[in-house]
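S.K.: Here you go, one structure.
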Amino acid sequence: MTDAELRALLSRALEHAARYRAAAPDRPHRPLASYEEMRARFAAPVPETGAAPAAVIEELAALAAPGLAAMTGPRFFGWVIGATEPAGLAADWLTSAWAQNAGNHRAAPAAAAAEETAAGWLLDLLDLPRQSSVGFATGATVANFVCLAAARGEVLRRAGWDVEAQGLFAAPPITVVLGEEAHSTIFTGLRYLGLGAERVVRVPADREGRAEPSAFAAALKAARGPVIAIAQAGHINSGGFDAFAPLADAAEAAGAWLHVDGAFGLWARACPELAHLAAGVERAQSWGVDGHKWLQTPHDCGYAIVADRAAHERAMSNHASYLPGQGDGGRNPGDLVPELSRRARGFATWAMIKALGREGIAAMVARHGALARRLAARLAQSPDIGVMHEVVLNQVAFRLGTDLAPGRADALTRATVPVIQEDGTCFMGGAEWKGRAVIRASVIGAQTSEDDIDRSADAVLAAWRRVKAEAGARA
Ligand SMILES: *Cc1c(COP(=O)(O)O)cnc(C)c1O
C-alpha cells in the first residue's frame, strides 16, 4: 500500500468516525436493528479472495451502522458506560497505528513509560498509597481478578503455602468474606481463582447495598486461617459505599487482605465534594477501578492497584529467556496483568487525564452527581414513582407504580423499560434489586447536560403514562 493509499484509507475511517460522533446526540439512543437482524446482515461465507482495504472499511461501516447503540450519546444511561471522549479516542487510534506490543519495557519503552506516569497520576488522583503497583487491564472484572490473585497468593504465603508454585491442592482453605451485594464479576473472579463463587461468607447489606459493618466484623472474627475480605465503593444500583473505616479495622484485626471493588465509585476520591464517601478506602490492600467508565477512556481499560507490589508481581509475572528487560527494575506492563502480548493502554489513560486535568475530573464527577440528583428529583415529583435509595453518587434506581401492589408495580416497571428504549430519547435498562423490578440510570457520559436530564425525565414520564393508560384500558 502506498502512503497515499494509506492516507485515503485512514481518512475514510476518520470520515465515518466523525460523522458517527456528530450524529450520536440526536439519534435514537438504542440500536436501530436487533441482534437477529444484525446477524443476518453480517452472515456470509468465508471470503475466498481478498478485497481492497478501503472497500472493506466502507462495507464494515455500512453493515454495522444500524446495530450500533449510541453509547457515546448524552442521554445514554444504560449500565455504567463512559463515553470514550475525544482525547482518549485519538490516543487510541495512535495506539493501534503504533502497534506496540506493550508487554515489556525494553521492547516498547514509550508504552511502558506512559503507563508508569499514568499509574502515578492515578494513585495521586484517587489518593491511594503512592508505592502501589498499577496493572492496566481490560476492565474492572480483570482488575478485581488480578487484585484477588495477589490477595490469594499473599494470604497463603503468610500461612506458609506457595500457591504460585504448588497451586491450591492441599493448600490451607481461604475464607472469603464479602457483602451480599458485591458485583456479579467479583464472583466470576473468585471462580477463575479456584476460590469458588459460592464458597464465600456473604454478609447482609442494607437498603443502599452497603455491607453491614458489624456483621462483616463478626464474619471476619469467626474466620480461621487465611482470609480475604472484599468491600465495594459504588454499588451498581445505588452508588452506595461500604463503610471502609470499620471494615478496615475488622480486616486488620483478622489479619485479612482487604480488597475494594471501586469500578466507578473510586473516582469519588478525585472529587473533593464527594471524596468523603470513600473515606478510609486507602487502608485496603488492593483496589479495582475502571478507566472506561468515569475517566471516559476507550474500551477496554481498567486498573488493578495493589499496595504490595511484590504480591502483585508474584501473581502475574511471566518469565521467558527470549524476553528482554527482566529483573532490571523496569516496569514490565505484562507482569502486572494476565496478558503478555497486550495493547498499550497507558497512552489513552495518559491522554484522558491530561485532557481533563485534576480539576476537570473533579468537576465532571461532581456534575454527574448533581445531574443524578436532578433526575431523581424530577422523577420523584410523580407520586407513584419511587427512587429506591439516597442518591449519593451518579446512580438512580427507581420503581413505577409504587401505589400499587408490589407484584403489579414490578410488572408495570418491567413493561415500561422497552417503551423508554423504543422512544429513543434516552436509554435506561431494567434490573432486579432486592427481589423487585427497577429501572436504572447511570449518569456517567461526559457530555450529559441538565437539558439532557430534563428531556430524559420527560421521556420516562411519557412512557410511564402510556404504559399506565394501556394497562388501565386492558383492565
Ligand atoms: C462495571 C463494574 C464491574 C465490572 O467492570 P468491567 O469494566 O465491566 O469489567 C465491577 N464492579 C462494579 C461495581 C462495576 O460497576
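In the C-alpha cells, chains take letters A, B, ... by order of appearance, with residues numbered from 1 within each chain and ligands from 1 in the order shown.
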Identify, on the basis of only C-alpha atoms, every residue whose closest approach to segment 404-420 of chain A does not exceed 10 Å; exclude the query and any residue fewer than 2 positions from it along the same chain; express the result as a ChimeraX atom specification.
M.R.: /A:30,384-385,398-402,422-432,435-440,456,459-468,471
S.K.: Using only C-alpha atoms, determine which residues lie at most 9 Å from segment 41-52 of chain A, disregarding the query and same-chain residues fewer than 4 positions distant; provide the list as a list of chain:residue names.
M.R.: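 Contacts, with the query itself left out: A:Glu36, A:Glu37, A:Val56, A:Ile57, A:Leu63, A:Ala64.
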S.K.: Please produce a file of the residues just selected, as a CSV table (one decimal), in the first residue's frame, where the atoms kept are N, CA and C atoms.
M.R.:
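Result went into again_30.csv, see below:
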```csv
chain,number,residue,atom,x,y,z
A,36,GLU,N,-30.8,-10.1,16.0
A,36,GLU,CA,-31.1,-11.1,14.9
A,36,GLU,C,-31.0,-10.5,13.5
A,37,GLU,N,-31.4,-9.2,13.4
A,37,GLU,CA,-31.2,-8.5,12.1
A,37,GLU,C,-29.7,-8.3,11.8
A,56,VAL,N,-13.3,-2.7,2.1
A,56,VAL,CA,-13.7,-3.5,3.3
A,56,VAL,C,-14.2,-2.5,4.4
A,57,ILE,N,-13.5,-1.4,4.6
A,57,ILE,CA,-13.9,-0.4,5.6
A,57,ILE,C,-15.3,0.2,5.2
A,63,LEU,N,-22.5,-2.0,7.1
A,63,LEU,CA,-23.1,-3.1,7.7
A,63,LEU,C,-23.4,-2.8,9.2
A,64,ALA,N,-22.4,-2.3,9.9
A,64,ALA,CA,-22.5,-2.1,11.4
A,64,ALA,C,-23.5,-1.0,11.8
```
S.K.: Could you work out how far atom CA of Arg455 of chain A lies from atom CA of Gly239 of chain A, giving the answer in Å with one decimal?
M.R.: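 Value for the atom CA of Gly239 of chain A-atom CA of Arg455 of chain A distance: 22.8 Å.
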S.K.: So, counting only C-alpha atoms and all ligand atoms, which residue among A:Val146, A:Ala113, A:Val201, A:Leu323 is closest to ligand 1?
M.R.: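 The answer is A:Val146, which sits nearest to ligand 1.
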S.K.: What are the DSSP strand (DSSP E) residues of segment 164-370 of chain A, as an mmCIF file with N, CA, C and O atoms, in the first residue's frame?
M.R.:
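Contents of result_38.cif, freshly written:
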```cif
data_model
loop_
_atom_site.group_PDB
_atom_site.id
_atom_site.type_symbol
_atom_site.label_atom_id
_atom_site.label_comp_id
_atom_site.auth_asym_id
_atom_site.auth_seq_id
_atom_site.Cartn_x
_atom_site.Cartn_y
_atom_site.Cartn_z
ATOM 1 N N THR A 175 -10.812 -18.265 53.662
ATOM 2 C CA THR A 175 -12.168 -17.764 53.866
ATOM 3 C C THR A 175 -12.309 -16.446 53.110
ATOM 4 O O THR A 175 -11.473 -15.553 53.266
ATOM 5 N N VAL A 176 -13.350 -16.333 52.290
ATOM 6 C CA VAL A 176 -13.621 -15.085 51.567
ATOM 7 C C VAL A 176 -14.887 -14.471 52.158
ATOM 8 O O VAL A 176 -15.937 -15.112 52.189
ATOM 9 N N VAL A 177 -14.771 -13.242 52.662
ATOM 10 C CA VAL A 177 -15.907 -12.549 53.269
ATOM 11 C C VAL A 177 -16.266 -11.369 52.375
ATOM 12 O O VAL A 177 -15.389 -10.570 52.008
ATOM 13 N N LEU A 178 -17.533 -11.259 51.994
ATOM 14 C CA LEU A 178 -17.949 -10.114 51.166
ATOM 15 C C LEU A 178 -19.393 -9.741 51.439
ATOM 16 O O LEU A 178 -20.152 -10.525 52.019
ATOM 17 N N GLY A 179 -19.776 -8.553 51.027
ATOM 18 C CA GLY A 179 -21.153 -8.112 51.154
ATOM 19 C C GLY A 179 -22.025 -8.847 50.146
ATOM 20 O O GLY A 179 -21.566 -9.157 49.038
ATOM 21 N N VAL A 201 -18.438 -16.271 52.477
ATOM 22 C CA VAL A 201 -19.321 -15.837 53.560
ATOM 23 C C VAL A 201 -19.959 -14.530 53.105
ATOM 24 O O VAL A 201 -19.264 -13.532 52.899
ATOM 25 N N ARG A 202 -21.272 -14.560 52.899
ATOM 26 C CA ARG A 202 -21.988 -13.369 52.433
ATOM 27 C C ARG A 202 -22.555 -12.613 53.614
ATOM 28 O O ARG A 202 -23.342 -13.150 54.380
ATOM 29 N N VAL A 203 -22.171 -11.361 53.707
ATOM 30 C CA VAL A 203 -22.628 -10.517 54.803
ATOM 31 C C VAL A 203 -23.856 -9.736 54.325
ATOM 32 O O VAL A 203 -23.848 -9.209 53.208
ATOM 33 N N VAL A 227 -7.567 -15.186 55.229
ATOM 34 C CA VAL A 227 -8.852 -14.537 54.948
ATOM 35 C C VAL A 227 -8.676 -13.431 53.910
ATOM 36 O O VAL A 227 -7.743 -12.634 53.988
ATOM 37 N N ILE A 228 -9.618 -13.384 52.964
ATOM 38 C CA ILE A 228 -9.717 -12.257 52.033
ATOM 39 C C ILE A 228 -11.077 -11.603 52.255
ATOM 40 O O ILE A 228 -12.108 -12.290 52.256
ATOM 41 N N ALA A 229 -11.070 -10.286 52.472
ATOM 42 C CA ALA A 229 -12.329 -9.534 52.639
ATOM 43 C C ALA A 229 -12.508 -8.640 51.421
ATOM 44 O O ALA A 229 -11.538 -8.067 50.923
ATOM 45 N N ILE A 230 -13.739 -8.541 50.948
ATOM 46 C CA ILE A 230 -13.990 -7.747 49.735
ATOM 47 C C ILE A 230 -15.077 -6.713 50.019
ATOM 48 O O ILE A 230 -16.187 -7.067 50.429
ATOM 49 N N ALA A 231 -14.745 -5.451 49.800
ATOM 50 C CA ALA A 231 -15.698 -4.357 50.009
ATOM 51 C C ALA A 231 -15.960 -3.662 48.678
ATOM 52 O O ALA A 231 -15.340 -3.980 47.660
ATOM 53 N N GLN A 232 -16.869 -2.718 48.706
ATOM 54 C CA GLN A 232 -17.311 -2.092 47.460
ATOM 55 C C GLN A 232 -17.407 -0.574 47.590
ATOM 56 O O GLN A 232 -17.963 -0.059 48.555
ATOM 57 N N TRP A 257 -6.654 -9.738 54.074
ATOM 58 C CA TRP A 257 -6.358 -8.837 52.941
ATOM 59 C C TRP A 257 -7.689 -8.211 52.562
ATOM 60 O O TRP A 257 -8.656 -8.916 52.280
ATOM 61 N N LEU A 258 -7.752 -6.885 52.571
ATOM 62 C CA LEU A 258 -8.997 -6.198 52.199
ATOM 63 C C LEU A 258 -8.870 -5.677 50.760
ATOM 64 O O LEU A 258 -7.974 -4.889 50.451
ATOM 65 N N HIS A 259 -9.772 -6.141 49.906
ATOM 66 C CA HIS A 259 -9.825 -5.658 48.521
ATOM 67 C C HIS A 259 -11.089 -4.817 48.325
ATOM 68 O O HIS A 259 -12.134 -5.125 48.893
ATOM 69 N N VAL A 260 -10.989 -3.775 47.515
ATOM 70 C CA VAL A 260 -12.153 -2.921 47.242
ATOM 71 C C VAL A 260 -12.448 -2.891 45.746
ATOM 72 O O VAL A 260 -11.573 -2.556 44.936
ATOM 73 N N ASP A 261 -13.679 -3.257 45.400
ATOM 74 C CA ASP A 261 -14.153 -3.096 44.023
ATOM 75 C C ASP A 261 -14.701 -1.670 43.906
ATOM 76 O O ASP A 261 -15.758 -1.365 44.434
ATOM 77 N N SER A 286 -5.833 -3.625 48.200
ATOM 78 C CA SER A 286 -5.913 -3.581 46.735
ATOM 79 C C SER A 286 -7.247 -2.987 46.306
ATOM 80 O O SER A 286 -8.214 -2.978 47.075
ATOM 81 N N TRP A 287 -7.273 -2.491 45.054
ATOM 82 C CA TRP A 287 -8.426 -1.775 44.532
ATOM 83 C C TRP A 287 -8.562 -2.066 43.038
ATOM 84 O O TRP A 287 -7.578 -1.979 42.288
ATOM 85 N N GLY A 288 -9.775 -2.331 42.597
ATOM 86 C CA GLY A 288 -10.044 -2.458 41.158
ATOM 87 C C GLY A 288 -10.841 -1.246 40.724
ATOM 88 O O GLY A 288 -11.798 -0.848 41.402
ATOM 89 N N VAL A 289 -10.443 -0.624 39.616
ATOM 90 C CA VAL A 289 -11.156 0.574 39.141
ATOM 91 C C VAL A 289 -11.085 0.613 37.622
ATOM 92 O O VAL A 289 -10.163 0.059 37.022
ATOM 93 N N ASP A 290 -12.066 1.239 37.027
ATOM 94 C CA ASP A 290 -12.145 1.301 35.564
ATOM 95 C C ASP A 290 -11.644 2.625 35.008
ATOM 96 O O ASP A 290 -11.821 3.681 35.633
ATOM 97 N N GLY A 302 -9.067 -0.897 32.489
ATOM 98 C CA GLY A 302 -9.283 -0.881 33.938
ATOM 99 C C GLY A 302 -7.944 -0.998 34.642
ATOM 100 O O GLY A 302 -6.938 -1.341 34.005
ATOM 101 N N TYR A 303 -7.921 -0.708 35.927
ATOM 102 C CA TYR A 303 -6.657 -0.654 36.661
ATOM 103 C C TYR A 303 -6.714 -1.556 37.890
ATOM 104 O O TYR A 303 -7.619 -1.439 38.711
ATOM 105 N N ALA A 304 -5.708 -2.431 37.994
ATOM 106 C CA ALA A 304 -5.550 -3.287 39.172
ATOM 107 C C ALA A 304 -4.483 -2.644 40.039
ATOM 108 O O ALA A 304 -3.314 -2.585 39.650
ATOM 109 N N ILE A 305 -4.886 -2.135 41.188
ATOM 110 C CA ILE A 305 -3.968 -1.392 42.055
ATOM 111 C C ILE A 305 -3.709 -2.228 43.307
ATOM 112 O O ILE A 305 -4.658 -2.628 43.997
ATOM 113 N N VAL A 306 -2.425 -2.488 43.576
ATOM 114 C CA VAL A 306 -2.069 -3.365 44.692
ATOM 115 C C VAL A 306 -0.989 -2.678 45.533
ATOM 116 O O VAL A 306 0.049 -2.290 45.013
#
```
S.K.: Around ligand 1, which protein and nucleic acid residues have at least one atom no more than 9 Å from it, if we count only C-alpha atoms and all ligand atoms? List them as a PyMOL selection string.
M.R.: chain A and resi 79-81+138-144+182-186+232-237+239+261-265+288-293+299-302
S.K.: Now that the selection is made, can you save its residues with N, CA, C and O atoms as a CSV table (one decimal), in the first residue's frame?
M.R.:
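Saved to again-v2.csv:
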```csv
chain,number,residue,atom,x,y,z
A,79,TRP,N,-26.5,0.6,32.0
A,79,TRP,CA,-25.3,0.0,32.7
A,79,TRP,C,-24.4,1.2,33.3
A,79,TRP,O,-25.0,2.1,33.8
A,80,VAL,N,-23.1,1.0,33.2
A,80,VAL,CA,-22.3,2.1,33.7
A,80,VAL,C,-21.2,2.2,32.6
A,80,VAL,O,-20.2,1.6,32.7
A,81,ILE,N,-21.4,3.1,31.6
A,81,ILE,CA,-20.6,3.1,30.5
A,81,ILE,C,-20.1,4.5,30.2
A,81,ILE,O,-20.9,5.4,29.9
A,138,THR,N,-8.1,-5.0,31.2
A,138,THR,CA,-9.2,-4.7,30.2
A,138,THR,C,-10.4,-4.1,30.9
A,138,THR,O,-11.3,-3.6,30.1
A,139,GLY,N,-10.5,-4.1,32.2
A,139,GLY,CA,-11.7,-3.5,32.8
A,139,GLY,C,-11.6,-3.9,34.3
A,139,GLY,O,-10.7,-4.6,34.7
A,140,ALA,N,-12.7,-3.6,35.0
A,140,ALA,CA,-12.7,-3.9,36.4
A,140,ALA,C,-12.8,-5.4,36.7
A,140,ALA,O,-12.4,-5.8,37.7
A,141,THR,N,-13.5,-6.1,35.8
A,141,THR,CA,-13.6,-7.5,36.0
A,141,THR,C,-12.2,-8.1,36.2
A,141,THR,O,-11.9,-8.8,37.2
A,142,VAL,N,-11.3,-7.8,35.2
A,142,VAL,CA,-10.0,-8.4,35.2
A,142,VAL,C,-9.1,-7.7,36.3
A,142,VAL,O,-8.3,-8.4,37.0
A,143,ALA,N,-9.4,-6.4,36.5
A,143,ALA,CA,-8.6,-5.7,37.6
A,143,ALA,C,-8.9,-6.3,38.9
A,143,ALA,O,-8.0,-6.6,39.7
A,144,ASN,N,-10.2,-6.6,39.2
A,144,ASN,CA,-10.5,-7.2,40.5
A,144,ASN,C,-9.9,-8.6,40.6
A,144,ASN,O,-9.4,-9.0,41.6
A,182,ALA,N,-22.2,-7.6,46.5
A,182,ALA,CA,-20.9,-7.5,45.7
A,182,ALA,C,-21.3,-7.6,44.2
A,182,ALA,O,-22.3,-8.4,43.9
A,183,HIS,N,-20.6,-7.0,43.3
A,183,HIS,CA,-20.9,-7.0,41.9
A,183,HIS,C,-20.7,-8.5,41.3
A,183,HIS,O,-19.9,-9.2,41.8
A,184,SER,N,-21.5,-8.8,40.4
A,184,SER,CA,-21.5,-10.2,39.8
A,184,SER,C,-20.1,-10.6,39.4
A,184,SER,O,-19.7,-11.8,39.5
A,185,THR,N,-19.3,-9.6,38.9
A,185,THR,CA,-18.0,-10.0,38.4
A,185,THR,C,-17.0,-10.4,39.5
A,185,THR,O,-16.0,-11.0,39.2
A,186,ILE,N,-17.3,-10.0,40.7
A,186,ILE,CA,-16.4,-10.4,41.8
A,186,ILE,C,-16.5,-11.9,41.9
A,186,ILE,O,-15.5,-12.6,42.1
A,232,GLN,N,-16.9,-2.7,48.7
A,232,GLN,CA,-17.3,-2.1,47.5
A,232,GLN,C,-17.4,-0.6,47.6
A,232,GLN,O,-18.0,-0.1,48.6
A,233,ALA,N,-16.9,0.1,46.6
A,233,ALA,CA,-17.0,1.6,46.5
A,233,ALA,C,-17.9,1.9,45.3
A,233,ALA,O,-17.4,1.9,44.2
A,234,GLY,N,-19.2,2.1,45.5
A,234,GLY,CA,-20.1,2.4,44.4
A,234,GLY,C,-20.9,1.2,44.0
A,234,GLY,O,-20.5,0.4,43.2
A,235,HIS,N,-22.1,1.0,44.6
A,235,HIS,CA,-23.0,-0.1,44.3
A,235,HIS,C,-23.6,0.2,42.9
A,235,HIS,O,-24.0,1.3,42.6
A,236,ILE,N,-23.7,-0.8,42.1
A,236,ILE,CA,-24.2,-0.7,40.8
A,236,ILE,C,-25.6,0.0,40.6
A,236,ILE,O,-25.8,0.7,39.7
A,237,ASN,N,-26.4,-0.2,41.6
A,237,ASN,CA,-27.8,0.4,41.5
A,237,ASN,C,-27.9,1.7,42.3
A,237,ASN,O,-28.5,2.7,41.9
A,239,GLY,N,-25.2,3.3,44.0
A,239,GLY,CA,-23.9,4.1,44.1
A,239,GLY,C,-23.4,4.1,45.5
A,239,GLY,O,-22.5,4.8,45.8
A,261,ASP,N,-13.7,-3.3,45.4
A,261,ASP,CA,-14.2,-3.1,44.0
A,261,ASP,C,-14.7,-1.7,43.9
A,261,ASP,O,-15.8,-1.4,44.4
A,262,GLY,N,-13.9,-0.8,43.2
A,262,GLY,CA,-14.4,0.6,43.1
A,262,GLY,C,-14.5,0.9,41.6
A,262,GLY,O,-14.1,2.0,41.2
A,263,ALA,N,-15.0,0.1,40.8
A,263,ALA,CA,-15.0,0.2,39.3
A,263,ALA,C,-15.3,1.6,38.9
A,263,ALA,O,-14.6,2.2,38.1
A,264,PHE,N,-16.4,2.2,39.4
A,264,PHE,CA,-16.6,3.6,39.0
A,264,PHE,C,-16.6,4.5,40.3
A,264,PHE,O,-16.0,5.6,40.3
A,265,GLY,N,-17.0,3.9,41.4
A,265,GLY,CA,-17.2,4.7,42.6
A,265,GLY,C,-15.9,5.3,43.2
A,265,GLY,O,-15.9,6.3,43.9
A,288,GLY,N,-9.8,-2.3,42.6
A,288,GLY,CA,-10.0,-2.5,41.2
A,288,GLY,C,-10.8,-1.2,40.7
A,288,GLY,O,-11.8,-0.8,41.4
A,289,VAL,N,-10.4,-0.6,39.6
A,289,VAL,CA,-11.2,0.6,39.1
A,289,VAL,C,-11.1,0.6,37.6
A,289,VAL,O,-10.2,0.1,37.0
A,290,ASP,N,-12.1,1.2,37.0
A,290,ASP,CA,-12.1,1.3,35.6
A,290,ASP,C,-11.6,2.6,35.0
A,290,ASP,O,-11.8,3.7,35.6
A,291,GLY,N,-11.1,2.6,33.8
A,291,GLY,CA,-10.8,3.8,33.0
A,291,GLY,C,-12.0,4.0,32.1
A,291,GLY,O,-12.4,5.2,31.9
A,292,HIS,N,-12.6,3.0,31.5
A,292,HIS,CA,-13.6,3.1,30.5
A,292,HIS,C,-15.0,3.5,31.1
A,292,HIS,O,-15.9,3.5,30.3
A,293,LYS,N,-15.0,3.7,32.4
A,293,LYS,CA,-16.3,4.2,32.9
A,293,LYS,C,-16.1,5.7,33.2
A,293,LYS,O,-16.2,6.5,32.2
A,299,HIS,N,-12.9,1.7,25.5
A,299,HIS,CA,-12.8,0.3,25.9
A,299,HIS,C,-11.6,-0.3,25.2
A,299,HIS,O,-11.4,0.0,24.0
A,300,ASP,N,-10.9,-1.2,25.8
A,300,ASP,CA,-11.2,-1.6,27.2
A,300,ASP,C,-10.0,-1.2,28.1
A,300,ASP,O,-8.9,-1.2,27.7
A,301,CYS,N,-10.4,-0.7,29.3
A,301,CYS,CA,-9.4,-0.2,30.2
A,301,CYS,C,-9.8,-0.2,31.7
A,301,CYS,O,-10.8,0.4,32.0
A,302,GLY,N,-9.1,-0.9,32.5
A,302,GLY,CA,-9.3,-0.9,33.9
A,302,GLY,C,-7.9,-1.0,34.6
A,302,GLY,O,-6.9,-1.3,34.0
```
S.K.: Residues within 12 Å of Leu60 of chain A, please, as a list in words. Count only C-alpha atoms; anything in the same chain fewer than 6 positions from it doesn't count.
M.R.: Arg12, Ala13, His16, Met38, Arg41, Phe42, Pro53, Ala54, Pro66, Gly67 and Leu68 of chain A
S.K.: With distances taken over only C-alpha atoms, which of A:Phe187, A:Trp294, A:Phe169, A:Phe241 is nearest to Leu277 of chain A?
M.R.: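 Answer, going by the shortest atom-to-atom distance: A:Phe241.
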S.K.: For Ala254 of chain A, find every residue with an atom within 12 Å (counting only C-alpha atoms), except residues of its own chain fewer than 5 positions away, and show them as JSON, numbers by chain.
M.R.: {"A": [155, 175, 177, 216, 217, 218, 219, 220, 221, 222, 223, 224, 225, 226, 227, 228, 229, 247, 248, 249]}
S.K.: Within 9 Å of Gly334 of chain A, counting only C-alpha atoms, which residues qualify if same-chain residues fewer than 2 places away don't, as a list in words?
M.R.: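 The neighbour list is Ala102, Gly103, Asn104, Gly135, Phe136, Met316, Ser317, Asn318, Arg331, Asn332, Leu336, Val337, Pro338, Glu339, Leu340, Ser341 and Arg342 of chain A.
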